[in-house]
Structure formats: structure tokens, C-alpha cells
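Comments concern the structure below.
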Amino acid sequence: MSSVLPKAARRGLADEAADLVRAAILSGHFPPGSALREVDLAQRLDVSRGSVREGLAQLEREGLVRGGWHRNTTVIEVTAEDVQEVYALRAALDRLAATTARRAVTPEHLAELDRLVDGMATEAAGAADARRLVALDLAFHDQIYAAAGNGRLVAAWQAIRSQLHLFQLRRVESGYDHYRARVVGEHRELAGLLRSGDRRTLARRAEEHVDSARRSLLADLPPP
């Protein structure tokens, strides 16, 4: 257990606790529905219960965990209702991010997008690490939001990013071959449209990219 949750470095301990617990959730150490107990986490991270409590509150604001009065904090379950809500929001944000970035994208941003797609292609062509592939996927979209240069838009993306990361991991678990077959081509197309595509096509493809992920994930979940 201690190798999964290393001791927290002495920076902002609440932030450090949040980072370490988030990483443990996204690595699968704490699967959806798992209880996160303050006393246990404080002991394993070698921080105070107050730091753990603040860290878990941060993760709750990100939508990654749920808590309540006199209730254990738990990792969120991946439900059809949550997926519908989060991906509907993501579709609107991604459309705005892509069309805004198209006007402001720099050669450096484009080069980084190409590098990330090449990394996806390398992973997908070999004995692909599914978690690494999802990380590259999200990093690609981080770059688009950064290129858009809108701080409030980036903040809105960050507010749902942890949930999306967990949902995408569930998507990969339930249909990895489908994901691997599409991930490189869809992202390479988006990078190309940011370079030279028309705004309308870029907006449509950004939304379709999200809708493809939503439908793939919902196919493996029970209805609300």
C-alpha cells in the first residue's frame, strides 16, 4: 500500500494530499465507489487529518469524490446520468475552445499537438498502455484550451477534467479496441482543422468527437 501512496512532500499539504489521492483514484487503486477514510489516508500520507479533509474537499469540488454530513467520502460511480451531464457540458466547452484557439493558436501549440498525436500513434501501434493513451488524449485537449487563451474557459475545463479522466478510463476498460482504433485519427483531424480548416467544420468535428466518446461509454452503462 505504501508504494501506491508515497509520503507527502512538505509543500501545501492539502494540495499535495489532493494530488496523491487523485493519482491513486485515476490509477485504479481506489475504484469507483471506494470509501476514502480521513484517518487511514492521513496515516498513509503522513499528514494531518485536516490536510486530508481539505484535500478531499478539493477533489469534491472537481467532482471526483462525493461526501456528506456523517457520511464517508467515496469515489464517484460512473453513472449514465453523470456521463450525460458532463459530456454535454464538455461538448459546449470543446466547441468554444477549438473555435477560439483557431484564431490564436501558435506554431508552438501546433507542434505540441502533433507531438501528442505522434505519442498516441506510438502507443496505439504497440502494446499500448491504456492509461498512458488516455493521459495523452487529455493533454491534447489541455493544449487546445491553453491555445484559446481564455482563463475562464480553462477554469471551466479544469472543473470537469478529473471526472472526464475517470470516465475516459472507464470507456477504455469497456471498449479499448474501439477507442484505440479512433483516437489517433480523430485527434490528428482536429489538429489539422486548427491549422487550416474552416470554423464551422472545426466546431462540428469538436462536438462529434465528444459525442462519440459519450455514446461509446453509455453503451456499457445501465440506463439512469
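By convention here, the chains of the C-alpha cells are called A, B, ... in the order presented, each chain's residues are numbered starting at 1, and ligands are numbered starting at 1 in the order presented.
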Which of stretch 3-205 of chain A fall in helix (DSSP H, G or I), as an MDAnalysis selection string: chainID A and resid 13:26 38:45 49:61 80:104 107:125 130:148 151:196 199:205
Contacts between stretch 126-146 of chain A and stretch 154-223 of chain A, please, where a residue of stretch 154-223 of chain A counts if it comes within 7 Å (with only C-alpha atoms); show its shortest atom pair and distance in Å to one decimal, rows by chain and ascending number, as JSON lines.
{"residue": "A:Val154", "atom": "CA", "partner": "A:Tyr145", "partner_atom": "CA", "distance": 5.8}
{"residue": "A:Gln168", "atom": "CA", "partner": "A:Val134", "partner_atom": "CA", "distance": 6.8}
{"residue": "A:Leu169", "atom": "CA", "partner": "A:Val134", "partner_atom": "CA", "distance": 6.8}
{"residue": "A:Val172", "atom": "CA", "partner": "A:Ala130", "partner_atom": "CA", "distance": 6.8}
Go ahead and save the picked residues with N, CA and C atoms, as a compact mmCIF listing (two decimals), in the first residue's frame.
# COMPACT_ATOMS: atom_id res chain seq x y z
N VAL A 154 -10.55 27.95 -19.49
CA VAL A 154 -9.64 26.95 -18.92
C VAL A 154 -10.14 26.51 -17.55
N GLN A 168 -13.19 8.54 -19.02
CA GLN A 168 -12.45 8.03 -20.17
C GLN A 168 -11.76 6.71 -19.85
N LEU A 169 -11.26 6.57 -18.63
CA LEU A 169 -10.66 5.30 -18.23
C LEU A 169 -11.70 4.19 -18.25
N VAL A 172 -12.33 3.20 -21.83
CA VAL A 172 -11.26 2.35 -22.36
C VAL A 172 -11.39 0.92 -21.83
Polymer residues at most 7 Å from stretch 205-222 of chain A, only C-alpha atoms, same-chain spacing of 6 or more positions, as a ChimeraX atom specification: /A:79-80,83,87,91,94-95,98,171,174,186
May I have the residues from that selection written out with all heavy atoms, as a PDB file, in the first residue's frame?
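Final output, saved to selection.pdb:
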ATOM      1  N   THR A  79     -22.031   6.817 -13.636  1.00  0.00           N
ATOM      2  CA  THR A  79     -23.431   6.577 -13.955  1.00  0.00           C
ATOM      3  C   THR A  79     -23.796   7.223 -15.286  1.00  0.00           C
ATOM      4  O   THR A  79     -23.160   8.199 -15.713  1.00  0.00           O
ATOM      5  CB  THR A  79     -24.357   7.142 -12.867  1.00  0.00           C
ATOM      6  OG1 THR A  79     -24.311   8.583 -12.919  1.00  0.00           O
ATOM      7  CG2 THR A  79     -23.933   6.673 -11.477  1.00  0.00           C
ATOM      8  N   ALA A  80     -24.834   6.703 -15.904  1.00  0.00           N
ATOM      9  CA  ALA A  80     -25.278   7.249 -17.186  1.00  0.00           C
ATOM     10  C   ALA A  80     -25.706   8.712 -17.042  1.00  0.00           C
ATOM     11  O   ALA A  80     -25.437   9.540 -17.912  1.00  0.00           O
ATOM     12  CB  ALA A  80     -26.433   6.411 -17.730  1.00  0.00           C
ATOM     13  N   VAL A  83     -22.597  10.885 -16.849  1.00  0.00           N
ATOM     14  CA  VAL A  83     -21.946  10.929 -18.155  1.00  0.00           C
ATOM     15  C   VAL A  83     -22.692  11.878 -19.095  1.00  0.00           C
ATOM     16  O   VAL A  83     -22.085  12.699 -19.784  1.00  0.00           O
ATOM     17  CB  VAL A  83     -21.850   9.516 -18.758  1.00  0.00           C
ATOM     18  CG1 VAL A  83     -21.442   9.571 -20.229  1.00  0.00           C
ATOM     19  CG2 VAL A  83     -20.844   8.678 -17.965  1.00  0.00           C
ATOM     20  N   TYR A  87     -20.613  15.163 -20.318  1.00  0.00           N
ATOM     21  CA  TYR A  87     -20.236  15.213 -21.729  1.00  0.00           C
ATOM     22  C   TYR A  87     -21.027  16.266 -22.493  1.00  0.00           C
ATOM     23  O   TYR A  87     -20.532  16.818 -23.485  1.00  0.00           O
ATOM     24  CB  TYR A  87     -20.363  13.829 -22.374  1.00  0.00           C
ATOM     25  CG  TYR A  87     -19.163  12.953 -22.100  1.00  0.00           C
ATOM     26  CD1 TYR A  87     -19.026  12.285 -20.890  1.00  0.00           C
ATOM     27  CD2 TYR A  87     -18.144  12.801 -23.032  1.00  0.00           C
ATOM     28  CE1 TYR A  87     -17.926  11.495 -20.613  1.00  0.00           C
ATOM     29  CE2 TYR A  87     -17.031  12.011 -22.770  1.00  0.00           C
ATOM     30  CZ  TYR A  87     -16.934  11.361 -21.559  1.00  0.00           C
ATOM     31  OH  TYR A  87     -15.825  10.591 -21.287  1.00  0.00           O
ATOM     32  N   ALA A  91     -18.998  19.052 -24.523  1.00  0.00           N
ATOM     33  CA  ALA A  91     -19.212  19.339 -25.942  1.00  0.00           C
ATOM     34  C   ALA A  91     -19.270  20.838 -26.195  1.00  0.00           C
ATOM     35  O   ALA A  91     -18.672  21.352 -27.146  1.00  0.00           O
ATOM     36  CB  ALA A  91     -20.491  18.654 -26.429  1.00  0.00           C
ATOM     37  N   ASP A  94     -15.670  22.297 -25.493  1.00  0.00           N
ATOM     38  CA  ASP A  94     -14.699  21.932 -26.529  1.00  0.00           C
ATOM     39  C   ASP A  94     -14.951  22.682 -27.830  1.00  0.00           C
ATOM     40  O   ASP A  94     -14.012  23.066 -28.528  1.00  0.00           O
ATOM     41  CB  ASP A  94     -14.747  20.420 -26.792  1.00  0.00           C
ATOM     42  CG  ASP A  94     -13.855  19.632 -25.843  1.00  0.00           C
ATOM     43  OD1 ASP A  94     -13.467  20.178 -24.798  1.00  0.00           O
ATOM     44  OD2 ASP A  94     -13.563  18.461 -26.146  1.00  0.00           O
ATOM     45  N   ARG A  95     -16.213  22.877 -28.154  1.00  0.00           N
ATOM     46  CA  ARG A  95     -16.542  23.647 -29.363  1.00  0.00           C
ATOM     47  C   ARG A  95     -15.997  25.067 -29.245  1.00  0.00           C
ATOM     48  O   ARG A  95     -15.340  25.570 -30.169  1.00  0.00           O
ATOM     49  CB  ARG A  95     -18.060  23.666 -29.566  1.00  0.00           C
ATOM     50  CG  ARG A  95     -18.520  24.497 -30.764  1.00  0.00           C
ATOM     51  CD  ARG A  95     -20.028  24.666 -30.763  1.00  0.00           C
ATOM     52  NE  ARG A  95     -20.442  25.496 -31.866  1.00  0.00           N
ATOM     53  CZ  ARG A  95     -21.023  25.063 -32.975  1.00  0.00           C
ATOM     54  NH1 ARG A  95     -21.260  23.763 -33.132  1.00  0.00           N
ATOM     55  NH2 ARG A  95     -21.376  25.897 -33.921  1.00  0.00           N
ATOM     56  N   ALA A  98     -12.068  25.087 -29.267  1.00  0.00           N
ATOM     57  CA  ALA A  98     -11.479  24.842 -30.586  1.00  0.00           C
ATOM     58  C   ALA A  98     -11.629  26.053 -31.500  1.00  0.00           C
ATOM     59  O   ALA A  98     -10.667  26.461 -32.170  1.00  0.00           O
ATOM     60  CB  ALA A  98     -12.122  23.608 -31.215  1.00  0.00           C
ATOM     61  N   ARG A 171     -14.350   4.178 -20.140  1.00  0.00           N
ATOM     62  CA  ARG A 171     -14.616   3.945 -21.561  1.00  0.00           C
ATOM     63  C   ARG A 171     -13.593   2.987 -22.155  1.00  0.00           C
ATOM     64  O   ARG A 171     -13.934   2.064 -22.896  1.00  0.00           O
ATOM     65  CB  ARG A 171     -14.580   5.275 -22.314  1.00  0.00           C
ATOM     66  CG  ARG A 171     -14.737   5.137 -23.822  1.00  0.00           C
ATOM     67  CD  ARG A 171     -14.396   6.442 -24.514  1.00  0.00           C
ATOM     68  NE  ARG A 171     -14.448   6.312 -25.965  1.00  0.00           N
ATOM     69  CZ  ARG A 171     -13.950   7.199 -26.810  1.00  0.00           C
ATOM     70  NH1 ARG A 171     -13.340   8.276 -26.350  1.00  0.00           N
ATOM     71  NH2 ARG A 171     -14.025   7.007 -28.117  1.00  0.00           N
ATOM     72  N   SER A 174     -14.067  -0.634 -21.075  1.00  0.00           N
ATOM     73  CA  SER A 174     -15.209  -1.332 -21.666  1.00  0.00           C
ATOM     74  C   SER A 174     -15.105  -1.508 -23.173  1.00  0.00           C
ATOM     75  O   SER A 174     -15.785  -2.354 -23.745  1.00  0.00           O
ATOM     76  CB  SER A 174     -16.505  -0.577 -21.332  1.00  0.00           C
ATOM     77  OG  SER A 174     -16.476   0.729 -21.879  1.00  0.00           O
ATOM     78  N   GLU A 186      -8.958  10.808 -34.988  1.00  0.00           N
ATOM     79  CA  GLU A 186      -9.813  11.921 -34.578  1.00  0.00           C
ATOM     80  C   GLU A 186      -8.983  13.109 -34.092  1.00  0.00           C
ATOM     81  O   GLU A 186      -9.278  14.267 -34.419  1.00  0.00           O
ATOM     82  CB  GLU A 186     -10.782  11.463 -33.487  1.00  0.00           C
ATOM     83  CG  GLU A 186     -11.882  10.540 -34.001  1.00  0.00           C
ATOM     84  CD  GLU A 186     -12.927  10.217 -32.951  1.00  0.00           C
ATOM     85  OE1 GLU A 186     -12.817  10.746 -31.817  1.00  0.00           O
ATOM     86  OE2 GLU A 186     -13.854   9.455 -33.260  1.00  0.00           O
TER      87      GLU A 186
END
Selected residue of minimal separation from A:Asp198 among A:Gln163, A:Thr99, A:Gln58, A:Thr73, counting only C-alpha atoms: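 Selected residue with least distance to A:Asp198: A:Thr99.
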